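S.K.: entry-v9.cif (mmCIF, C-alpha atoms) pasted underneath:
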```
data_run
loop_
_atom_site.label_atom_id
_atom_site.label_comp_id
_atom_site.auth_asym_id
_atom_site.auth_seq_id
_atom_site.Cartn_x
_atom_site.Cartn_y
_atom_site.Cartn_z
CA VAL E 1 42.25 34.49 -117.01
CA GLN E 2 41.40 34.11 -120.71
CA GLU E 3 43.68 32.67 -123.38
CA GLY E 4 45.84 35.36 -124.95
CA ALA E 5 46.09 37.45 -121.77
CA MET E 6 49.44 38.60 -120.41
CA VAL E 7 50.25 37.12 -116.98
CA LYS E 8 52.89 37.78 -114.38
CA LYS E 9 54.84 35.08 -112.57
CA GLY E 10 52.78 33.78 -109.63
CA GLN E 11 49.53 35.34 -110.87
CA ALA E 12 46.44 33.17 -110.35
CA ILE E 13 45.23 31.80 -113.67
CA LEU E 14 42.66 29.20 -112.66
CA LYS E 15 40.98 28.08 -109.46
CA LEU E 16 40.09 24.40 -109.14
CA SER E 17 37.85 22.93 -106.47
CA ASN E 18 38.08 19.67 -104.59
CA THR E 19 35.13 19.07 -102.27
CA ASN E 20 36.77 16.12 -100.50
CA LEU E 21 39.86 18.17 -99.76
CA GLN E 22 37.78 21.09 -98.51
CA LEU E 23 35.79 18.78 -96.24
CA ASN E 24 39.04 17.27 -94.98
CA VAL E 25 40.37 20.72 -94.07
CA LEU E 26 37.12 21.58 -92.29
CA ALA E 27 37.30 18.28 -90.37
CA ARG E 28 40.89 19.03 -89.32
CA GLU E 29 39.89 22.52 -88.18
CA ALA E 30 37.09 21.00 -86.12
CA GLU E 31 39.53 18.47 -84.59
CA VAL E 32 41.95 21.24 -83.62
CA SER E 33 39.13 23.28 -82.05
CA GLU E 34 37.87 20.22 -80.19
CA GLN E 35 41.34 19.38 -78.88
CA ILE E 36 41.89 22.97 -77.75
CA ASN E 37 38.56 22.88 -75.90
CA ASN E 38 39.47 19.50 -74.37
CA MET E 39 42.79 20.94 -73.23
CA ARG E 40 41.05 23.92 -71.62
CA ASN E 41 38.53 21.65 -69.89
CA THR E 42 41.28 19.31 -68.70
CA ARG E 43 43.38 22.22 -67.47
CA LEU E 44 40.38 23.63 -65.63
CA ALA E 45 39.58 20.27 -64.02
CA LEU E 46 43.21 19.78 -63.00
CA GLU E 47 43.44 23.28 -61.55
CA GLN E 48 40.21 22.78 -59.62
CA ASN E 49 41.58 19.52 -58.25
CA GLN E 50 44.80 21.29 -57.22
CA LEU E 51 42.79 24.00 -55.46
CA SER E 52 40.74 21.36 -53.70
CA LEU E 53 43.89 19.62 -52.50
CA LYS E 54 45.36 22.95 -51.34
CA ARG E 55 42.14 23.67 -49.46
CA ASP E 56 42.38 20.23 -47.84
CA VAL E 57 45.97 20.93 -46.76
CA ILE E 58 44.93 24.27 -45.25
CA GLU E 59 42.10 22.60 -43.35
CA LEU E 60 44.46 19.85 -42.16
CA ASP E 61 47.04 22.42 -41.07
CA PHE E 62 44.36 24.09 -39.01
CA ALA E 63 43.23 20.76 -37.52
CA VAL E 64 46.84 19.85 -36.64
CA LEU E 65 47.41 23.27 -35.05
CA ARG E 66 44.21 22.97 -33.02
CA LEU E 67 45.07 19.42 -31.92
CA GLN E 68 48.66 20.39 -31.12
CA LYS E 69 47.37 23.06 -28.74
CA GLU E 70 44.85 20.65 -27.25
CA PHE E 71 47.56 17.99 -26.88
CA ASN E 72 49.85 20.45 -25.06
CA ARG E 73 47.02 21.39 -22.67
CA HIS E 74 46.19 17.73 -22.08
CA LYS E 75 49.87 16.96 -21.53
CA SER E 76 50.04 19.40 -18.62
CA LEU E 77 46.68 18.23 -17.27
CA ILE E 78 47.62 14.52 -17.37
CA SER E 79 50.81 15.21 -15.44
CA ARG E 80 48.64 16.62 -12.62
CA ASN E 81 46.07 13.81 -12.97
CA LEU E 82 43.29 16.28 -13.89
CA ILE E 83 42.11 14.30 -16.97
CA SER E 84 41.86 10.62 -17.74
CA GLN E 85 44.52 8.69 -19.61
CA GLN E 86 41.88 7.80 -22.20
CA ALA E 87 41.13 11.48 -23.00
CA PHE E 88 44.87 12.19 -23.32
CA GLU E 89 45.43 9.22 -25.64
CA ARG E 90 42.42 10.17 -27.76
CA VAL E 91 43.90 13.63 -28.47
CA GLN E 92 47.37 12.15 -28.98
CA ASP E 93 46.03 9.58 -31.47
CA GLU E 94 43.93 12.16 -33.29
CA LEU E 95 46.97 14.46 -33.62
CA ALA E 96 49.14 11.66 -35.00
CA PHE E 97 46.40 10.70 -37.47
CA GLN E 98 45.93 14.27 -38.70
CA ILE E 99 49.68 14.75 -39.18
CA LYS E 100 49.95 11.55 -41.26
CA TYR E 101 46.83 12.41 -43.21
CA ARG E 102 48.19 15.89 -43.99
CA GLU E 103 51.46 14.37 -45.25
CA THR E 104 49.50 12.00 -47.49
CA VAL E 105 47.39 14.82 -48.92
CA GLN E 106 50.50 16.93 -49.55
CA GLU E 107 52.19 14.01 -51.32
CA SER E 108 49.04 13.50 -53.38
CA GLN E 109 49.05 17.18 -54.28
CA GLU E 110 52.68 17.00 -55.46
CA LYS E 111 52.03 13.90 -57.57
CA GLU E 112 48.91 15.48 -59.01
CA ALA E 113 50.93 18.54 -60.04
CA ILE E 114 53.47 16.33 -61.84
CA LEU E 115 50.70 14.42 -63.63
CA GLN E 116 49.00 17.68 -64.53
CA ASN E 117 52.14 19.00 -66.18
CA GLN E 118 52.59 15.75 -68.12
CA GLN E 119 48.99 15.72 -69.30
CA LEU E 120 49.14 19.34 -70.40
CA ALA E 121 52.40 18.70 -72.28
CA GLN E 122 50.80 15.74 -74.08
CA LEU E 123 47.73 17.77 -74.97
CA LYS E 124 49.88 20.62 -76.27
CA GLN E 125 51.85 18.17 -78.42
CA SER E 126 48.61 16.68 -79.78
CA ILE E 127 47.36 20.13 -80.66
CA LYS E 128 50.65 21.01 -82.31
CA THR E 129 50.48 17.84 -84.43
CA LEU E 130 46.88 18.58 -85.43
CA GLN E 131 47.80 22.16 -86.32
CA ASN E 132 50.68 20.90 -88.49
CA ASN E 133 48.30 18.50 -90.24
CA LEU E 134 45.86 21.37 -90.69
CA ALA E 135 48.59 23.54 -92.23
CA ILE E 136 49.43 20.74 -94.67
CA SER E 137 45.76 20.40 -95.59
CA ARG E 138 45.43 24.15 -96.07
CA SER E 139 48.53 24.21 -98.28
CA SER E 140 46.84 21.51 -100.38
CA LEU E 141 43.90 23.88 -100.82
CA ASP E 142 46.32 26.57 -101.98
CA LYS E 143 47.58 24.18 -104.64
CA LEU E 144 44.10 24.23 -106.17
CA ILE E 145 44.94 27.71 -107.45
CA ILE E 146 46.93 27.35 -110.67
CA ARG E 147 49.50 30.14 -110.95
CA ALA E 148 51.59 31.37 -113.85
CA PRO E 149 55.03 29.73 -113.71
CA SER E 150 56.59 32.76 -115.42
CA THR E 151 55.71 36.13 -116.87
CA GLY E 152 54.37 35.92 -120.42
CA GLN E 153 51.30 35.33 -122.56
CA LEU E 154 48.76 32.62 -121.73
CA THR E 155 48.52 30.91 -125.12
CA PHE E 156 46.66 27.76 -124.11
CA LEU E 157 44.12 27.03 -121.34
CA ASP E 158 42.21 23.76 -121.26
CA ALA E 159 39.64 24.12 -118.46
CA ARG E 160 35.88 24.49 -118.38
CA VAL E 161 33.47 24.95 -115.46
CA GLY E 162 32.30 21.58 -114.11
CA GLU E 163 35.02 19.60 -115.87
CA SER E 164 37.07 17.05 -113.90
CA LYS E 165 40.85 17.11 -114.12
CA SER E 166 43.37 14.46 -113.10
CA GLU E 167 46.42 15.19 -111.01
CA GLY E 168 49.39 16.11 -113.22
CA GLU E 169 47.21 16.83 -116.26
CA ARG E 170 48.39 19.70 -118.49
CA LEU E 171 45.99 22.65 -118.14
CA GLY E 172 47.65 25.43 -120.05
CA GLN E 173 50.75 27.07 -121.47
CA VAL E 174 52.46 30.38 -120.86
CA ASP E 175 54.81 31.57 -123.58
CA ILE E 176 57.63 33.85 -122.53
#
```
Would you give me this structure, written as structure tokens?
M.R.:
Amino acid sequence: VQEGAMVKKGQAILKLSNTNLQLNVLAREAEVSEQINNMRNTRLALEQNQLSLKRDVIELDFAVLRLQKEFNRHKSLISRNLISQQAFERVQDELAFQIKYRETVQESQEKEAILQNQQLAQLKQSIKTLQNNLAISRSSLDKLIIRAPSTGQLTFLDARVGESKSEGERLGQVDI
């Protein structure tokens, strides 16, 4: 806007530039994007781990079911002395092992789910903080646009292309 022009309250009069501030905003945007990608990758890895643990539980359930049936068959055969004590004890021990192992895997799965939720909450909070910082940086960029404080005539404007200005320096005057 040229000196002598009529301006309305809030109208842009002058646009300043601050390369450091612009680079800072770009860096913050890159950080937010990187954190969002990290969160997605972490979520994917955690979900894959959960699926792997669920698959392990399913396989262990099947192994326990198979061994339970085999144990029941061996139990009736041992009572009639049709198999050796060693064969019976082997199936009995294997069944006990698989049951304990399944319980351990299920417990691990539950703990993993709790940790997953905590990690995702922390990542979301980090992203929220970065986005707030980004909003502050962007609002600083908006402050580089000098706006008319009131409606009136721009009677004084002290700004030239390529000139440096200090913070708080008087740039112009609008007469009501």
S.K.: What does the distance between atom CA of Lys9 of chain E and atom CA of Gly152 of chain E come to in Å, to one decimal place?
M.R.: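 Interatomic distance here is 7.9 Å.
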S.K.: As an exercise, work out the distance from atom CA of Ala96 of chain E to atom CA of Ala63 of chain E in Å and give it to one decimal place.
M.R.: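 Between atom CA of Ala96 of chain E and atom CA of Ala63 of chain E the gap is 11.1 Å.
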S.K.: Calculate how many Å separate atom CA of Arg102 of chain E from atom CA of Ser52 of chain E, rounding to one decimal.
M.R.: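 Answer for the atom CA of Arg102 of chain E to atom CA of Ser52 of chain E separation: 13.4 Å.
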S.K.: Could you spell out the hits of the PyMOL selection byres ((chain E and resi 39) around 10) on the shown file, as a list in words?
M.R.: Ser33, Glu34, Gln35, Ile36, Asn37, Asn38, Arg40, Asn41, Thr42, Arg43, Leu44, Ala45, Gln119, Leu120, Ala121, Gln122, Leu123, Lys124, Ser126 and Ile127 of chain E
S.K.: Please identify every residue of segment 27-120 of chain E that has at least one atom no farther than 10 Å from an atom of segment 129-150 of chain E, counting only C-alpha atoms, and for each give the shortest atom pair and the distance in Å to one decimal, arranged by chain then increasing number, as CSV.
M.R.:
```
residue,atom,partner,partner_atom,distance
E:Ala27,CA,E:Leu134,CA,9.1
E:Arg28,CA,E:Leu134,CA,5.7
E:Glu29,CA,E:Leu134,CA,6.6
E:Ala30,CA,E:Leu134,CA,9.9
E:Glu31,CA,E:Leu130,CA,7.4
E:Val32,CA,E:Leu130,CA,5.9
E:Ser33,CA,E:Leu130,CA,9.7
E:Gln35,CA,E:Leu130,CA,8.6
```
S.K.: Can you spell out as JSON, numbers by chain the set of residues that the PyMOL selection byres ((chain E and resi 159) around 12) selects in the structure I just provided?
M.R.: {"E": [1, 2, 3, 13, 14, 15, 16, 146, 156, 157, 158, 160, 161, 162, 163, 164, 165, 166, 169, 170, 171, 172, 173]}
S.K.: Using all atoms listed in the file, which protein or nucleic acid residues come within 8 Å of Met6 of chain E? Drop anything in the same chain fewer than 5 positions from it, and give the result as a list in words.
M.R.: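 Here the answer would be Thr151, Gly152, Gln153 and Leu154 of chain E.
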S.K.: So which residues get picked by the PyMOL selection byres ((chain E and resi 91) around 10) here, written as a list in words?
M.R.: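 Matching residues under the PyMOL selection byres ((chain E and resi 91) around 10) are Leu67, Gln68, Glu70, Phe71, Asn72, His74, Lys75, Gln86, Ala87, Phe88, Glu89, Arg90, Gln92, Asp93, Glu94, Leu95, Ala96 and Phe97 of chain E.
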S.K.: Taking all atoms listed in the file into account, which of E:Val57, E:Ile176, E:Leu46, E:Ala5 comes nearest Ile99 of chain E?
M.R.: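 Closest candidate: E:Val57.
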S.K.: Go through E:Glu112, E:Gln125, E:Val174, E:Glu59 one by one, measure the shortest atom-to-atom distance of each to Gly10 of chain E using all atoms listed in the file, and give the residue with the smallest value.
M.R.: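 With all atoms listed in the file as the atom set, the closest residue is E:Val174.
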S.K.: Find, counting only C-alpha atoms, the residue in E:Asn18, E:Gln106, E:Gln11, E:Gln98 that gets nearest to Val64 of chain E.
M.R.: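 Checking each candidate against Val64 of chain E, we get E:Gln98 as the closest.
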S.K.: Using all atoms listed in the file, which residue out of E:Gly4, E:Glu47, E:Leu21, E:Asp56 lies closest to Leu115 of chain E?
M.R.: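 With all atoms listed in the file as the atom set, the closest residue is E:Glu47.
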S.K.: Nearest to Leu60 of chain E: which of E:Ser17, E:Ser76, E:Thr104, E:Thr155 is it, counting all atoms listed in the file?
M.R.: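 That would be E:Thr104, the residue with the smallest distance to Leu60 of chain E.
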S.K.: Assuming 3 Å of padding per side, give the centre and edge lengths of the axis-aligned box around every listed atom of segment 122-136 of chain E, in Å to one decimal and as JSON.
M.R.:
```
{"center_x": 48.9, "center_y": 19.6, "center_z": -84.4, "size_x": 12.0, "size_y": 13.8, "size_z": 26.6}
```
S.K.: Rebuild N, CA, C and O atoms on segment 35-56 of chain E, as a tab-separated table (two decimals), in the coordinates of the input?
M.R.:
```tsv
chain	number	residue	atom	x	y	z
E	35	GLN	N	40.20	19.68	-79.74
E	35	GLN	CA	41.34	19.38	-78.88
E	35	GLN	C	41.69	20.58	-77.98
E	35	GLN	O	42.03	20.41	-76.82
E	36	ILE	N	41.61	21.77	-78.55
E	36	ILE	CA	41.89	22.97	-77.75
E	36	ILE	C	40.86	23.09	-76.62
E	36	ILE	O	41.21	23.38	-75.47
E	37	ASN	N	39.60	22.84	-76.94
E	37	ASN	CA	38.56	22.88	-75.90
E	37	ASN	C	38.79	21.78	-74.86
E	37	ASN	O	38.62	22.02	-73.65
E	38	ASN	N	39.17	20.59	-75.31
E	38	ASN	CA	39.47	19.50	-74.37
E	38	ASN	C	40.63	19.89	-73.46
E	38	ASN	O	40.61	19.60	-72.26
E	39	MET	N	41.65	20.53	-74.04
E	39	MET	CA	42.79	20.94	-73.23
E	39	MET	C	42.36	21.96	-72.18
E	39	MET	O	42.76	21.89	-71.02
E	40	ARG	N	41.53	22.91	-72.58
E	40	ARG	CA	41.05	23.92	-71.62
E	40	ARG	C	40.23	23.27	-70.51
E	40	ARG	O	40.39	23.60	-69.34
E	41	ASN	N	39.34	22.33	-70.89
E	41	ASN	CA	38.53	21.65	-69.89
E	41	ASN	C	39.40	20.81	-68.96
E	41	ASN	O	39.17	20.77	-67.74
E	42	THR	N	40.38	20.12	-69.52
E	42	THR	CA	41.28	19.31	-68.70
E	42	THR	C	42.09	20.19	-67.77
E	42	THR	O	42.24	19.88	-66.58
E	43	ARG	N	42.60	21.29	-68.31
E	43	ARG	CA	43.38	22.22	-67.47
E	43	ARG	C	42.52	22.76	-66.34
E	43	ARG	O	42.96	22.82	-65.18
E	44	LEU	N	41.28	23.11	-66.65
E	44	LEU	CA	40.38	23.63	-65.63
E	44	LEU	C	40.11	22.58	-64.55
E	44	LEU	O	40.17	22.87	-63.36
E	45	ALA	N	39.84	21.35	-64.98
E	45	ALA	CA	39.58	20.27	-64.02
E	45	ALA	C	40.80	20.02	-63.15
E	45	ALA	O	40.68	19.83	-61.92
E	46	LEU	N	41.98	20.01	-63.77
E	46	LEU	CA	43.21	19.78	-63.00
E	46	LEU	C	43.47	20.92	-62.02
E	46	LEU	O	43.88	20.68	-60.88
E	47	GLU	N	43.24	22.14	-62.45
E	47	GLU	CA	43.44	23.28	-61.55
E	47	GLU	C	42.44	23.27	-60.40
E	47	GLU	O	42.79	23.59	-59.27
E	48	GLN	N	41.20	22.88	-60.69
E	48	GLN	CA	40.21	22.78	-59.62
E	48	GLN	C	40.59	21.70	-58.62
E	48	GLN	O	40.43	21.88	-57.42
E	49	ASN	N	41.13	20.59	-59.14
E	49	ASN	CA	41.58	19.52	-58.25
E	49	ASN	C	42.75	20.00	-57.39
E	49	ASN	O	42.80	19.70	-56.19
E	50	GLN	N	43.67	20.74	-57.99
E	50	GLN	CA	44.80	21.29	-57.22
E	50	GLN	C	44.30	22.23	-56.13
E	50	GLN	O	44.77	22.18	-54.99
E	51	LEU	N	43.34	23.09	-56.47
E	51	LEU	CA	42.79	24.00	-55.46
E	51	LEU	C	42.09	23.24	-54.35
E	51	LEU	O	42.21	23.60	-53.17
E	52	SER	N	41.40	22.18	-54.71
E	52	SER	CA	40.74	21.36	-53.70
E	52	SER	C	41.76	20.72	-52.77
E	52	SER	O	41.57	20.71	-51.54
E	53	LEU	N	42.84	20.21	-53.33
E	53	LEU	CA	43.89	19.62	-52.50
E	53	LEU	C	44.56	20.67	-51.62
E	53	LEU	O	44.87	20.40	-50.45
E	54	LYS	N	44.78	21.87	-52.16
E	54	LYS	CA	45.36	22.95	-51.34
E	54	LYS	C	44.43	23.32	-50.20
E	54	LYS	O	44.88	23.55	-49.07
E	55	ARG	N	43.13	23.36	-50.50
E	55	ARG	CA	42.14	23.67	-49.46
E	55	ARG	C	42.17	22.59	-48.38
E	55	ARG	O	42.12	22.88	-47.19
E	56	ASP	N	42.29	21.33	-48.81
E	56	ASP	CA	42.38	20.23	-47.84
E	56	ASP	C	43.61	20.37	-46.95
E	56	ASP	O	43.54	20.13	-45.74
```
